[in-house]
$ cat my_file29.csv   # CSV, C-alpha atoms and all ligand atoms
chain,number,residue,atom,x,y,z
O,24,MET,CA,11.3,-5.7,16.2
O,25,SER,CA,12.3,-9.2,14.9
O,26,PRO,CA,9.5,-11.5,13.9
O,27,ALA,CA,8.2,-14.1,16.3
O,28,VAL,CA,9.2,-16.9,13.9
O,29,TRP,CA,11.7,-16.7,11.0
O,30,ALA,CA,12.3,-19.9,9.1
O,31,ASP,CA,14.5,-20.1,6.0
O,32,GLY,CA,15.1,-23.0,3.6
O,33,LEU,CA,14.1,-25.7,6.1
O,34,ARG,CA,14.8,-29.3,4.9
O,35,LYS,CA,14.4,-32.6,6.6
O,36,ARG,CA,14.7,-36.1,5.2
O,37,TYR,CA,13.9,-39.3,7.1
O,38,ARG,CA,15.9,-42.1,5.4
O,39,LYS,CA,14.8,-41.9,1.8
O,40,ARG,CA,11.6,-39.9,2.5
O,41,VAL,CA,11.9,-36.1,2.1
O,42,ALA,CA,9.5,-34.8,4.8
O,43,VAL,CA,10.3,-31.0,4.4
O,44,ASP,CA,11.8,-29.6,1.3
O,45,GLY,CA,12.9,-26.0,1.4
O,46,VAL,CA,10.2,-24.3,3.6
O,47,SER,CA,10.5,-20.6,4.4
O,48,PHE,CA,8.1,-18.4,6.3
O,49,THR,CA,7.7,-15.8,9.1
O,50,VAL,CA,5.2,-15.1,11.8
O,51,GLY,CA,5.0,-11.5,12.8
O,52,ARG,CA,4.5,-10.3,16.4
O,53,GLY,CA,0.9,-10.5,17.3
O,54,GLU,CA,0.1,-12.4,14.2
O,55,VAL,CA,-1.9,-15.6,14.0
O,56,LEU,CA,-0.5,-17.8,11.3
O,57,GLY,CA,-2.3,-21.0,10.2
O,58,LEU,CA,-0.3,-24.0,8.9
O,59,LEU,CA,-2.5,-26.1,6.6
O,60,GLY,CA,-1.9,-29.2,4.5
O,61,PRO,CA,-2.9,-32.8,4.0
O,62,ASN,CA,-1.7,-35.7,6.2
O,63,GLY,CA,2.1,-36.1,5.9
O,64,ALA,CA,2.6,-32.7,4.3
O,65,GLY,CA,5.4,-31.9,6.9
O,66,LYS,CA,3.5,-29.6,9.3
O,67,THR,CA,4.5,-31.2,12.5
O,68,THR,CA,8.1,-31.7,11.3
O,69,VAL,CA,8.3,-28.0,10.5
O,70,ILE,CA,7.0,-27.2,14.0
O,71,LYS,CA,9.5,-29.6,15.6
O,72,MET,CA,12.4,-28.1,13.7
O,73,LEU,CA,11.3,-24.6,14.8
O,74,LEU,CA,11.3,-25.7,18.4
O,75,GLY,CA,14.7,-27.5,18.2
O,76,LEU,CA,13.0,-30.9,18.8
O,77,VAL,CA,14.1,-32.2,15.3
O,78,ARG,CA,17.4,-31.2,13.7
O,79,PRO,CA,17.0,-29.8,10.2
O,80,ASP,CA,19.3,-31.1,7.4
O,81,ALA,CA,19.4,-27.6,6.1
O,82,GLY,CA,17.9,-24.2,6.8
O,83,GLU,CA,17.8,-21.7,9.7
O,84,THR,CA,15.2,-20.8,12.3
O,85,MET,CA,14.9,-17.9,14.6
O,86,LEU,CA,12.4,-17.5,17.4
O,87,LEU,CA,11.8,-14.0,18.8
O,88,GLY,CA,15.0,-12.8,17.3
O,89,ARG,CA,17.3,-15.6,18.5
O,90,PRO,CA,18.4,-18.9,16.9
O,91,SER,CA,15.9,-21.6,17.9
O,92,ARG,CA,18.7,-23.8,19.4
O,93,GLU,CA,19.3,-21.3,22.2
O,94,PRO,CA,17.3,-22.2,25.3
O,95,ARG,CA,16.7,-18.5,25.9
O,96,ALA,CA,14.8,-18.3,22.6
O,97,ARG,CA,12.5,-21.1,23.7
O,98,ALA,CA,11.9,-19.8,27.2
O,99,ARG,CA,9.3,-17.3,25.8
O,100,VAL,CA,7.6,-19.9,23.6
O,101,GLY,CA,4.5,-21.9,24.7
O,102,TYR,CA,4.0,-25.2,22.9
O,103,LEU,CA,1.1,-27.6,22.8
O,104,PRO,CA,2.3,-30.8,21.1
O,105,GLU,CA,0.1,-32.9,18.9
O,106,LEU,CA,0.4,-35.9,21.2
O,107,PHE,CA,1.1,-35.4,24.8
O,108,ARG,CA,0.3,-36.9,28.2
O,109,TYR,CA,0.8,-35.4,31.6
O,110,GLN,CA,1.7,-37.4,34.8
O,111,PRO,CA,-1.8,-38.9,35.7
O,112,TRP,CA,-1.1,-38.7,39.4
O,113,LEU,CA,-0.7,-34.9,39.4
O,114,THR,CA,-3.5,-32.5,39.8
O,115,ALA,CA,-4.1,-29.8,37.1
O,116,SER,CA,-2.6,-27.1,39.2
O,117,GLU,CA,0.4,-29.3,40.1
O,118,VAL,CA,1.0,-29.8,36.3
O,119,LEU,CA,0.9,-26.1,35.8
O,120,ARG,CA,3.2,-25.3,38.7
O,121,LEU,CA,5.7,-27.9,37.4
O,122,HIS,CA,5.7,-26.3,33.9
O,123,ALA,CA,6.0,-22.8,35.3
O,124,ARG,CA,9.0,-23.9,37.4
O,125,LEU,CA,10.6,-25.6,34.3
O,126,ALA,CA,10.1,-22.3,32.4
O,127,GLY,CA,11.6,-20.4,35.4
O,128,THR,CA,8.6,-18.2,36.0
O,129,ALA,CA,6.0,-17.7,38.7
O,130,GLY,CA,3.3,-18.8,36.2
O,131,ASP,CA,0.1,-17.1,35.3
O,132,PRO,CA,-2.6,-18.0,37.9
O,133,GLY,CA,-5.4,-17.1,35.4
O,134,VAL,CA,-4.7,-19.8,32.8
O,135,LEU,CA,-6.9,-22.6,34.2
O,136,ASP,CA,-9.8,-20.1,34.3
O,137,ALA,CA,-8.9,-19.0,30.7
O,138,VAL,CA,-9.2,-22.6,29.4
O,139,GLY,CA,-12.4,-23.4,31.5
O,140,LEU,CA,-10.8,-25.7,34.0
O,141,ALA,CA,-10.9,-23.5,37.1
O,142,ASP,CA,-13.3,-25.9,38.9
O,143,ARG,CA,-11.0,-28.9,38.2
O,144,ALA,CA,-7.8,-27.4,39.5
O,145,ASP,CA,-7.4,-29.9,42.3
O,146,ASP,CA,-8.5,-33.0,40.4
O,147,ARG,CA,-6.0,-35.6,39.1
O,148,VAL,CA,-5.2,-35.4,35.5
O,149,GLY,CA,-5.5,-39.2,35.1
O,150,GLY,CA,-9.3,-38.8,35.5
O,151,PHE,CA,-9.6,-36.0,32.8
O,152,SER,CA,-11.5,-36.5,29.5
O,153,LYS,CA,-9.6,-36.1,26.3
O,154,GLY,CA,-11.0,-32.6,25.8
O,155,MET,CA,-10.1,-31.6,29.4
O,156,GLN,CA,-6.5,-32.9,28.8
O,157,GLN,CA,-6.3,-30.8,25.7
O,158,ARG,CA,-7.6,-27.7,27.6
O,159,LEU,CA,-4.9,-28.4,30.2
O,160,GLY,CA,-2.3,-28.7,27.4
O,161,LEU,CA,-3.3,-25.2,26.3
O,162,ALA,CA,-3.0,-23.9,29.8
O,163,VAL,CA,0.5,-25.4,30.0
O,164,ALA,CA,1.4,-23.7,26.7
O,165,LEU,CA,0.2,-20.3,28.2
O,166,VAL,CA,1.4,-20.6,31.8
O,167,ALA,CA,4.7,-18.9,31.3
O,168,ARG,CA,3.1,-15.9,29.6
O,169,PRO,CA,4.8,-16.6,26.2
O,170,GLU,CA,5.4,-14.2,23.4
O,171,LEU,CA,4.9,-16.9,20.9
O,172,VAL,CA,2.5,-19.9,21.2
O,173,VAL,CA,2.8,-22.9,18.9
O,174,LEU,CA,-0.3,-25.1,18.9
O,175,ASP,CA,-0.3,-28.4,17.1
O,176,GLU,CA,-3.9,-29.5,16.6
O,177,PRO,CA,-5.2,-27.7,19.7
O,178,THR,CA,-8.9,-28.4,19.3
O,179,SER,CA,-9.0,-31.9,17.8
O,180,ALA,CA,-10.6,-33.3,21.0
O,181,LEU,CA,-12.8,-30.3,21.9
O,182,ASP,CA,-16.5,-30.0,21.7
O,183,PRO,CA,-17.9,-27.0,19.6
O,184,ILE,CA,-18.1,-24.8,22.7
O,185,GLY,CA,-14.5,-25.7,23.6
O,186,ARG,CA,-13.5,-24.8,20.0
O,187,ALA,CA,-15.2,-21.5,20.2
O,188,ASP,CA,-13.5,-20.8,23.6
O,189,VAL,CA,-10.1,-21.6,22.0
O,190,ARG,CA,-10.9,-19.2,19.2
O,191,ASP,CA,-11.7,-16.4,21.6
O,192,LEU,CA,-8.5,-17.3,23.6
O,193,LEU,CA,-6.4,-17.0,20.4
O,194,LEU,CA,-7.9,-13.7,19.5
O,195,ALA,CA,-7.3,-12.4,23.0
O,196,LEU,CA,-3.7,-13.5,22.7
O,197,ARG,CA,-3.3,-11.6,19.4
O,198,ASP,CA,-4.8,-8.5,21.0
O,199,LYS,CA,-2.0,-8.7,23.6
O,200,GLY,CA,0.6,-8.9,20.9
O,201,VAL,CA,1.3,-12.6,21.3
O,202,ALA,CA,2.1,-14.4,18.1
O,203,VAL,CA,0.4,-17.8,17.4
O,204,LEU,CA,1.4,-20.6,15.0
O,205,LEU,CA,-1.6,-22.8,14.6
O,206,ASN,CA,-1.5,-26.2,12.9
O,207,SER,CA,-5.1,-27.4,12.4
O,208,HIS,CA,-7.1,-29.6,10.1
O,209,LEU,CA,-10.2,-27.6,11.0
O,210,ILE,CA,-10.2,-25.2,8.1
O,211,GLY,CA,-13.2,-23.2,9.4
O,212,GLU,CA,-11.3,-22.6,12.6
O,213,VAL,CA,-8.2,-21.4,10.7
O,214,GLU,CA,-10.4,-19.2,8.5
O,215,ARG,CA,-12.0,-17.6,11.5
O,216,VAL,CA,-8.8,-16.8,13.5
O,217,CYS,CA,-5.8,-16.6,11.2
O,218,ASP,CA,-4.4,-13.5,9.7
O,219,ARG,CA,-2.2,-15.4,7.3
O,220,VAL,CA,-2.0,-19.0,6.1
O,221,VAL,CA,0.8,-21.2,4.8
O,222,ILE,CA,-0.3,-24.2,2.9
O,223,LEU,CA,2.2,-27.1,2.9
O,224,ASP,CA,2.0,-30.0,0.4
O,225,ARG,CA,4.6,-32.8,0.2
O,226,GLY,CA,7.1,-30.8,2.2
O,227,ARG,CA,6.9,-27.6,0.2
O,228,VAL,CA,5.0,-24.3,0.5
O,229,ALA,CA,2.2,-24.7,-2.0
O,230,ALA,CA,0.7,-21.2,-1.3
O,231,SER,CA,0.8,-18.6,1.4
O,232,GLY,CA,-0.8,-15.2,2.0
O,233,THR,CA,-3.4,-13.3,4.0
O,234,LEU,CA,-6.9,-14.6,3.8
O,235,PRO,CA,-8.0,-11.8,1.5
O,236,GLU,CA,-5.1,-12.6,-0.8
O,237,LEU,CA,-5.9,-16.2,-0.9
O,238,LEU,CA,-9.7,-15.9,-1.0
O,239,GLY,CA,-11.0,-12.6,-1.9
O,240,GLY,CA,-11.5,-10.5,-4.9
O,241,ARG,CA,-11.3,-13.1,-7.6
O,242,GLU,CA,-15.0,-13.5,-8.4
O,243,LEU,CA,-18.1,-11.3,-8.6
O,244,ARG,CA,-21.6,-12.5,-7.7
O,245,LEU,CA,-24.6,-10.8,-9.4
O,246,HIS,CA,-28.3,-11.2,-8.7
O,247,LEU,CA,-30.0,-10.6,-12.0
O,248,ASP,CA,-33.2,-11.2,-13.9
O,249,GLY,CA,-34.1,-10.8,-17.6
O,250,VAL,CA,-30.8,-12.3,-18.8
O,251,ALA,CA,-31.2,-12.8,-22.6
O,252,PRO,CA,-28.5,-14.7,-24.6
O,253,ALA,CA,-26.6,-11.4,-25.4
O,254,ALA,CA,-26.4,-10.6,-21.7
O,255,ALA,CA,-25.3,-14.1,-20.9
O,256,ASP,CA,-22.5,-13.7,-23.4
O,257,ARG,CA,-21.5,-10.4,-21.8
O,258,LEU,CA,-21.3,-12.3,-18.5
O,259,GLY,CA,-18.7,-14.6,-20.0
O,260,GLY,CA,-20.9,-17.2,-21.7
O,261,THR,CA,-20.2,-20.7,-20.5
O,262,ALA,CA,-17.5,-19.5,-18.1
O,263,ALA,CA,-20.2,-17.9,-15.9
O,264,VAL,CA,-21.7,-20.1,-13.2
O,265,ARG,CA,-25.4,-19.7,-12.8
O,266,ASP,CA,-27.4,-20.7,-9.7
O,267,GLY,CA,-31.0,-19.6,-10.2
O,268,ASP,CA,-30.9,-15.8,-10.5
O,269,TRP,CA,-27.4,-15.6,-9.1
O,270,TRP,CA,-24.4,-15.5,-11.5
O,271,THR,CA,-20.8,-16.0,-10.4
O,272,ILE,CA,-18.1,-14.7,-12.9
O,273,ALA,CA,-14.4,-14.0,-12.8
O,274,LEU,CA,-13.9,-10.5,-11.4
O,275,PRO,CA,-13.9,-8.1,-14.5
O,276,ASP,CA,-11.5,-5.2,-14.8
O,277,ASP,CA,-14.4,-2.7,-15.0
O,278,VAL,CA,-17.4,-3.6,-12.8
O,279,PRO,CA,-19.4,-0.4,-13.5
O,280,ALA,CA,-19.0,-0.9,-17.3
O,281,LEU,CA,-20.3,-4.4,-17.0
O,282,VAL,CA,-23.3,-3.3,-14.9
O,283,SER,CA,-24.1,-0.5,-17.4
O,284,ASP,CA,-23.8,-2.9,-20.3
O,285,LEU,CA,-26.1,-5.4,-18.6
O,286,VAL,CA,-28.7,-2.7,-17.9
O,287,GLY,CA,-28.4,-1.7,-21.6
O,288,LEU,CA,-29.1,-5.3,-22.6
O,289,GLY,CA,-32.4,-5.1,-20.6
O,290,VAL,CA,-31.1,-7.0,-17.5
O,291,ARG,CA,-32.5,-5.9,-14.1
O,292,VAL,CA,-29.6,-5.8,-11.6
O,293,HIS,CA,-30.6,-6.5,-8.0
O,294,ALA,CA,-27.2,-7.0,-6.4
O,295,VAL,CA,-23.5,-7.0,-7.2
O,296,GLU,CA,-21.1,-8.3,-4.6
O,297,PRO,CA,-17.6,-9.7,-4.3
O,298,GLY,CA,-17.6,-13.4,-4.4
O,299,ARG,CA,-15.4,-14.9,-1.6
O,300,ILE,CA,-14.7,-18.6,-1.9
O,301,SER,CA,-14.2,-20.6,1.2
O,302,LEU,CA,-10.8,-21.5,2.5
O,303,GLU,CA,-11.7,-25.1,2.1
O,304,ASP,CA,-12.5,-24.7,-1.7
O,305,ARG,CA,-9.3,-22.7,-2.1
O,306,LEU,CA,-7.2,-25.3,-0.3
O,307,LEU,CA,-8.6,-28.1,-2.4
O,308,THR,CA,-8.0,-26.2,-5.6
O,309,ILE,CA,-4.4,-25.5,-4.6
O,310,LEU,CA,-3.7,-29.0,-3.5
O,311,ARG,CA,-5.3,-30.6,-6.6
O,312,GLY,CA,-3.3,-28.1,-8.8
O,313,THR,CA,0.0,-29.2,-7.3
O,314,ARG,CA,-0.5,-32.9,-7.8
Z,1,LIG,N1,10.3,-39.7,13.1
Z,1,LIG,C1,10.0,-39.9,11.9
Z,1,LIG,N2,10.6,-41.0,11.2
Z,1,LIG,C2,10.4,-41.2,9.9
Z,1,LIG,N3,9.5,-40.5,9.1
Z,1,LIG,C3,8.9,-39.5,9.7
Z,1,LIG,C4,9.1,-39.1,11.1
Z,1,LIG,N4,8.3,-38.1,11.4
Z,1,LIG,C5,7.7,-37.7,10.3
Z,1,LIG,N5,8.0,-38.6,9.3
Z,1,LIG,C6,7.5,-38.5,7.9
Z,1,LIG,O1,7.6,-37.2,7.4
Z,1,LIG,C7,6.5,-36.8,6.6
Z,1,LIG,C8,5.8,-35.6,7.2
Z,1,LIG,O2,5.2,-35.9,8.5
Z,1,LIG,P1,4.6,-34.9,9.5
Z,1,LIG,O3,4.2,-35.5,10.7
Z,1,LIG,O4,5.5,-33.7,9.6
Z,1,LIG,O5,3.3,-34.5,8.6
Z,1,LIG,P2,2.0,-33.6,9.0
Z,1,LIG,O6,1.8,-32.6,8.0
Z,1,LIG,O7,2.2,-33.1,10.4
Z,1,LIG,O8,0.9,-34.7,9.0
Z,1,LIG,P3,-0.5,-34.9,9.8
Z,1,LIG,O9,-1.5,-33.9,9.3
Z,1,LIG,O10,-0.9,-36.3,9.4
Z,1,LIG,O11,-0.2,-34.8,11.3
Z,1,LIG,C9,5.6,-38.1,6.6
Z,1,LIG,O12,5.8,-38.8,5.4
Z,1,LIG,C10,6.0,-38.9,7.8
Z,1,LIG,O13,5.9,-40.3,7.5

$ encode --input "my_file29.csv" --output "structure tokens"
Amino acid sequence: MSPAVWADGLRKRYRKRVAVDGVSFTVGRGEVLGLLGPNGAGKTTVIKMLLGLVRPDAGETMLLGRPSREPRARARVGYLPELFRYQPWLTASEVLRLHARLAGTAGDPGVLDAVGLADRADDRVGGFSKGMQQRLGLAVALVARPELVVLDEPTSALDPIGRADVRDLLLALRDKGVAVLLNSHLIGEVERVCDRVVILDRGRVAASGTLPELLGGRELRLHLDGVAPAAADRLGGTAAVRDGDWWTIALPDDVPALVSDLVGLGVRVHAVEPGRISLEDRLLTILRGTR
């Protein structure tokens, strides 16, 4: 089956400013991909090129196996834009009916419930709080039962419970085989739900990979006591980071040999575990390294 998103060599320049400079990536069916990067990195421009809302200067995009410019490709795609407003005089269910009709489907009657707005179905959107508008935006993105959902900052206005609800919603979509492209500055949220991450910086892909590829397996944490200078040398000397009885070192090739050497040097080894840095730390390292 063709991937949900296929983007190859995307470029976009606004006057003299290069916004996107050769970006390629894919989103598999049923995969949740996070797009991360600092302000102005080009994330929204990439999303708009994918959806045919901005014309790329170069590069190609396919959605669900069809060129993005074909309306039939976009019919199976749900989109929550970063900035949006619905007609304030319509009720929530009228907004949804309108969008279902525009998509040419009967619409999914369960979406208001899924976003926690079932009890506000007949209220006018003009009286909704920001977070409620964002929930409605999510419902609009989902109403036509899409195979791909593109969400640009879906939780910026949501309270912590709302964010947790959206996380559950995204995981449920993935379980149904729906692909999700998520643009969010909330790194913790991306870390919790995304299978893979693409990090953009100044219009280019600075790094990409699965979370284990980006975060895991590079460090080892050890809980030790009785570390004499010889043992500290074996741990890497000044390269080892010590926090009380916990030591963090670069992952050695042979962990059992290290442990046995430490024991031989009189160290008591209480715990040895893979060190996993946070996505936030990794992101900062990558972005600082590319500047
Ligand atoms: N319509 C436009 N006209 C001129 N420049 C634009 C336009 N849209 C985006 N840009 C420029 O392109 C660059 C990338 O912007 P974009 O909105 O894609 O970034 P972003 O990664 O989504 O940022 P943020 O995290 O702040 O939303 C920025 O330098 C921006 O000023």

$ residues_near_ligand --input "my_file29.csv" --ligand "ligand LIG 1 (chain Z)" --cutoff "12 Å" --atoms "only C-alpha atoms and all ligand atoms" --output "MDAnalysis selection string"
chainID O and resid 34:44 58:73 76:78 104:106 174:176 179 205:209 221:228

$ write_last_selection --input "my_file29.csv" --atoms "C-alpha atoms" --output "PDB file, in the coordinates of the input"
ATOM      1  CA  ARG O  34      14.800 -29.300   4.900  1.00  0.00           C
ATOM      2  CA  LYS O  35      14.400 -32.600   6.600  1.00  0.00           C
ATOM      3  CA  ARG O  36      14.700 -36.100   5.200  1.00  0.00           C
ATOM      4  CA  TYR O  37      13.900 -39.300   7.100  1.00  0.00           C
ATOM      5  CA  ARG O  38      15.900 -42.100   5.400  1.00  0.00           C
ATOM      6  CA  LYS O  39      14.800 -41.900   1.800  1.00  0.00           C
ATOM      7  CA  ARG O  40      11.600 -39.900   2.500  1.00  0.00           C
ATOM      8  CA  VAL O  41      11.900 -36.100   2.100  1.00  0.00           C
ATOM      9  CA  ALA O  42       9.500 -34.800   4.800  1.00  0.00           C
ATOM     10  CA  VAL O  43      10.300 -31.000   4.400  1.00  0.00           C
ATOM     11  CA  ASP O  44      11.800 -29.600   1.300  1.00  0.00           C
ATOM     12  CA  LEU O  58      -0.300 -24.000   8.900  1.00  0.00           C
ATOM     13  CA  LEU O  59      -2.500 -26.100   6.600  1.00  0.00           C
ATOM     14  CA  GLY O  60      -1.900 -29.200   4.500  1.00  0.00           C
ATOM     15  CA  PRO O  61      -2.900 -32.800   4.000  1.00  0.00           C
ATOM     16  CA  ASN O  62      -1.700 -35.700   6.200  1.00  0.00           C
ATOM     17  CA  GLY O  63       2.100 -36.100   5.900  1.00  0.00           C
ATOM     18  CA  ALA O  64       2.600 -32.700   4.300  1.00  0.00           C
ATOM     19  CA  GLY O  65       5.400 -31.900   6.900  1.00  0.00           C
ATOM     20  CA  LYS O  66       3.500 -29.600   9.300  1.00  0.00           C
ATOM     21  CA  THR O  67       4.500 -31.200  12.500  1.00  0.00           C
ATOM     22  CA  THR O  68       8.100 -31.700  11.300  1.00  0.00           C
ATOM     23  CA  VAL O  69       8.300 -28.000  10.500  1.00  0.00           C
ATOM     24  CA  ILE O  70       7.000 -27.200  14.000  1.00  0.00           C
ATOM     25  CA  LYS O  71       9.500 -29.600  15.600  1.00  0.00           C
ATOM     26  CA  MET O  72      12.400 -28.100  13.700  1.00  0.00           C
ATOM     27  CA  LEU O  73      11.300 -24.600  14.800  1.00  0.00           C
ATOM     28  CA  LEU O  76      13.000 -30.900  18.800  1.00  0.00           C
ATOM     29  CA  VAL O  77      14.100 -32.200  15.300  1.00  0.00           C
ATOM     30  CA  ARG O  78      17.400 -31.200  13.700  1.00  0.00           C
ATOM     31  CA  PRO O 104       2.300 -30.800  21.100  1.00  0.00           C
ATOM     32  CA  GLU O 105       0.100 -32.900  18.900  1.00  0.00           C
ATOM     33  CA  LEU O 106       0.400 -35.900  21.200  1.00  0.00           C
ATOM     34  CA  LEU O 174      -0.300 -25.100  18.900  1.00  0.00           C
ATOM     35  CA  ASP O 175      -0.300 -28.400  17.100  1.00  0.00           C
ATOM     36  CA  GLU O 176      -3.900 -29.500  16.600  1.00  0.00           C
ATOM     37  CA  SER O 179      -9.000 -31.900  17.800  1.00  0.00           C
ATOM     38  CA  LEU O 205      -1.600 -22.800  14.600  1.00  0.00           C
ATOM     39  CA  ASN O 206      -1.500 -26.200  12.900  1.00  0.00           C
ATOM     40  CA  SER O 207      -5.100 -27.400  12.400  1.00  0.00           C
ATOM     41  CA  HIS O 208      -7.100 -29.600  10.100  1.00  0.00           C
ATOM     42  CA  LEU O 209     -10.200 -27.600  11.000  1.00  0.00           C
ATOM     43  CA  VAL O 221       0.800 -21.200   4.800  1.00  0.00           C
ATOM     44  CA  ILE O 222      -0.300 -24.200   2.900  1.00  0.00           C
ATOM     45  CA  LEU O 223       2.200 -27.100   2.900  1.00  0.00           C
ATOM     46  CA  ASP O 224       2.000 -30.000   0.400  1.00  0.00           C
ATOM     47  CA  ARG O 225       4.600 -32.800   0.200  1.00  0.00           C
ATOM     48  CA  GLY O 226       7.100 -30.800   2.200  1.00  0.00           C
ATOM     49  CA  ARG O 227       6.900 -27.600   0.200  1.00  0.00           C
ATOM     50  CA  VAL O 228       5.000 -24.300   0.500  1.00  0.00           C
TER      51      VAL O 228
END

$ atom_distance --input "my_file29.csv" --atom1 "CA of Gly298 (chain O)" --atom2 "CA of Leu194 (chain O)"
25.8 Å

$ closest_residue --input "my_file29.csv" --among "O:Ile272, O:Ala230, O:Ala115, O:Val220" --to "Leu245 (chain O)" --atoms "all atoms listed in the file"
O:Ile272

$ atom_distance --input "my_file29.csv" --atom1 "CA of His246 (chain O)" --atom2 "CA of Glu303 (chain O)"
24.2 Å

$ atom_distance --input "my_file29.csv" --atom1 "CA of Pro26 (chain O)" --atom2 "CA of Ala202 (chain O)"
9.0 Å

$ closest_residue --input "my_file29.csv" --among "O:Asp268, O:Glu83, O:Glu212, O:Asp142" --to "Val189 (chain O)" --atoms "only C-alpha atoms"
O:Glu212

$ closest_residue --input "my_file29.csv" --among "O:Val166, O:Cys217, O:Ala273, O:Ala180" --to "Tyr102 (chain O)" --atoms "only C-alpha atoms"
O:Val166

$ residues_around --input "my_file29.csv" --residues "Gly82 (chain O)" --least-positions-apart "3" --cutoff "6 Å" --atoms "all atoms listed in the file" --output "PyMOL selection string"
chain O and resi 31-33

$ write_last_selection --input "my_file29.csv" --atoms "C-alpha atoms" --output "CSV table (one decimal), in the frame of the given file"
chain,number,residue,atom,x,y,z
O,31,ASP,CA,14.5,-20.1,6.0
O,32,GLY,CA,15.1,-23.0,3.6
O,33,LEU,CA,14.1,-25.7,6.1

$ residues_around --input "my_file29.csv" --residues "Arg215 (chain O)" --least-positions-apart "6" --cutoff "10 Å" --atoms "all atoms listed in the file" --output "PyMOL selection string"
chain O and resi 190+194+234+302

$ build_atoms --input "my_file29.csv" --residues "region 165-181 of chain O" --atoms "N, CA and C atoms" --output "short mmCIF file (atom, residue, chain, number, x, y, z; two decimals), keeping the file's coordinate frame"
data_model
loop_
_atom_site.label_atom_id
_atom_site.label_comp_id
_atom_site.auth_asym_id
_atom_site.auth_seq_id
_atom_site.Cartn_x
_atom_site.Cartn_y
_atom_site.Cartn_z
N LEU O 165 0.38 -21.78 27.87
CA LEU O 165 0.20 -20.30 28.20
C LEU O 165 0.76 -19.94 29.54
N VAL O 166 1.12 -20.92 30.38
CA VAL O 166 1.40 -20.60 31.80
C VAL O 166 2.54 -19.67 32.01
N ALA O 167 3.53 -19.71 31.13
CA ALA O 167 4.70 -18.90 31.30
C ALA O 167 4.62 -17.54 30.61
N ARG O 168 3.40 -17.13 30.30
CA ARG O 168 3.10 -15.90 29.60
C ARG O 168 4.05 -15.72 28.36
N PRO O 169 3.89 -16.63 27.39
CA PRO O 169 4.80 -16.60 26.20
C PRO O 169 4.52 -15.45 25.29
N GLU O 170 5.54 -15.16 24.47
CA GLU O 170 5.40 -14.20 23.40
C GLU O 170 5.01 -14.81 22.10
N LEU O 171 5.24 -16.13 22.04
CA LEU O 171 4.90 -16.90 20.90
C LEU O 171 4.26 -18.23 21.36
N VAL O 172 3.12 -18.60 20.78
CA VAL O 172 2.50 -19.90 21.20
C VAL O 172 2.38 -20.73 19.90
N VAL O 173 2.87 -21.96 20.02
CA VAL O 173 2.80 -22.90 18.90
C VAL O 173 1.86 -24.01 19.28
N LEU O 174 0.79 -24.13 18.51
CA LEU O 174 -0.30 -25.10 18.90
C LEU O 174 -0.44 -26.08 17.73
N ASP O 175 -0.16 -27.35 18.06
CA ASP O 175 -0.30 -28.40 17.10
C ASP O 175 -1.61 -29.12 17.30
N GLU O 176 -2.58 -28.88 16.47
CA GLU O 176 -3.90 -29.50 16.60
C GLU O 176 -4.53 -29.22 17.98
N PRO O 177 -4.74 -27.96 18.35
CA PRO O 177 -5.20 -27.70 19.70
C PRO O 177 -6.61 -28.04 20.03
N THR O 178 -7.43 -28.24 19.01
CA THR O 178 -8.90 -28.40 19.30
C THR O 178 -9.40 -29.76 18.79
N SER O 179 -8.50 -30.69 18.45
CA SER O 179 -9.00 -31.90 17.80
C SER O 179 -9.94 -32.70 18.77
N ALA O 180 -9.76 -32.56 20.09
CA ALA O 180 -10.60 -33.30 21.00
C ALA O 180 -11.72 -32.46 21.62
N LEU O 181 -11.83 -31.22 21.20
CA LEU O 181 -12.80 -30.30 21.90
C LEU O 181 -14.16 -30.33 21.27
#
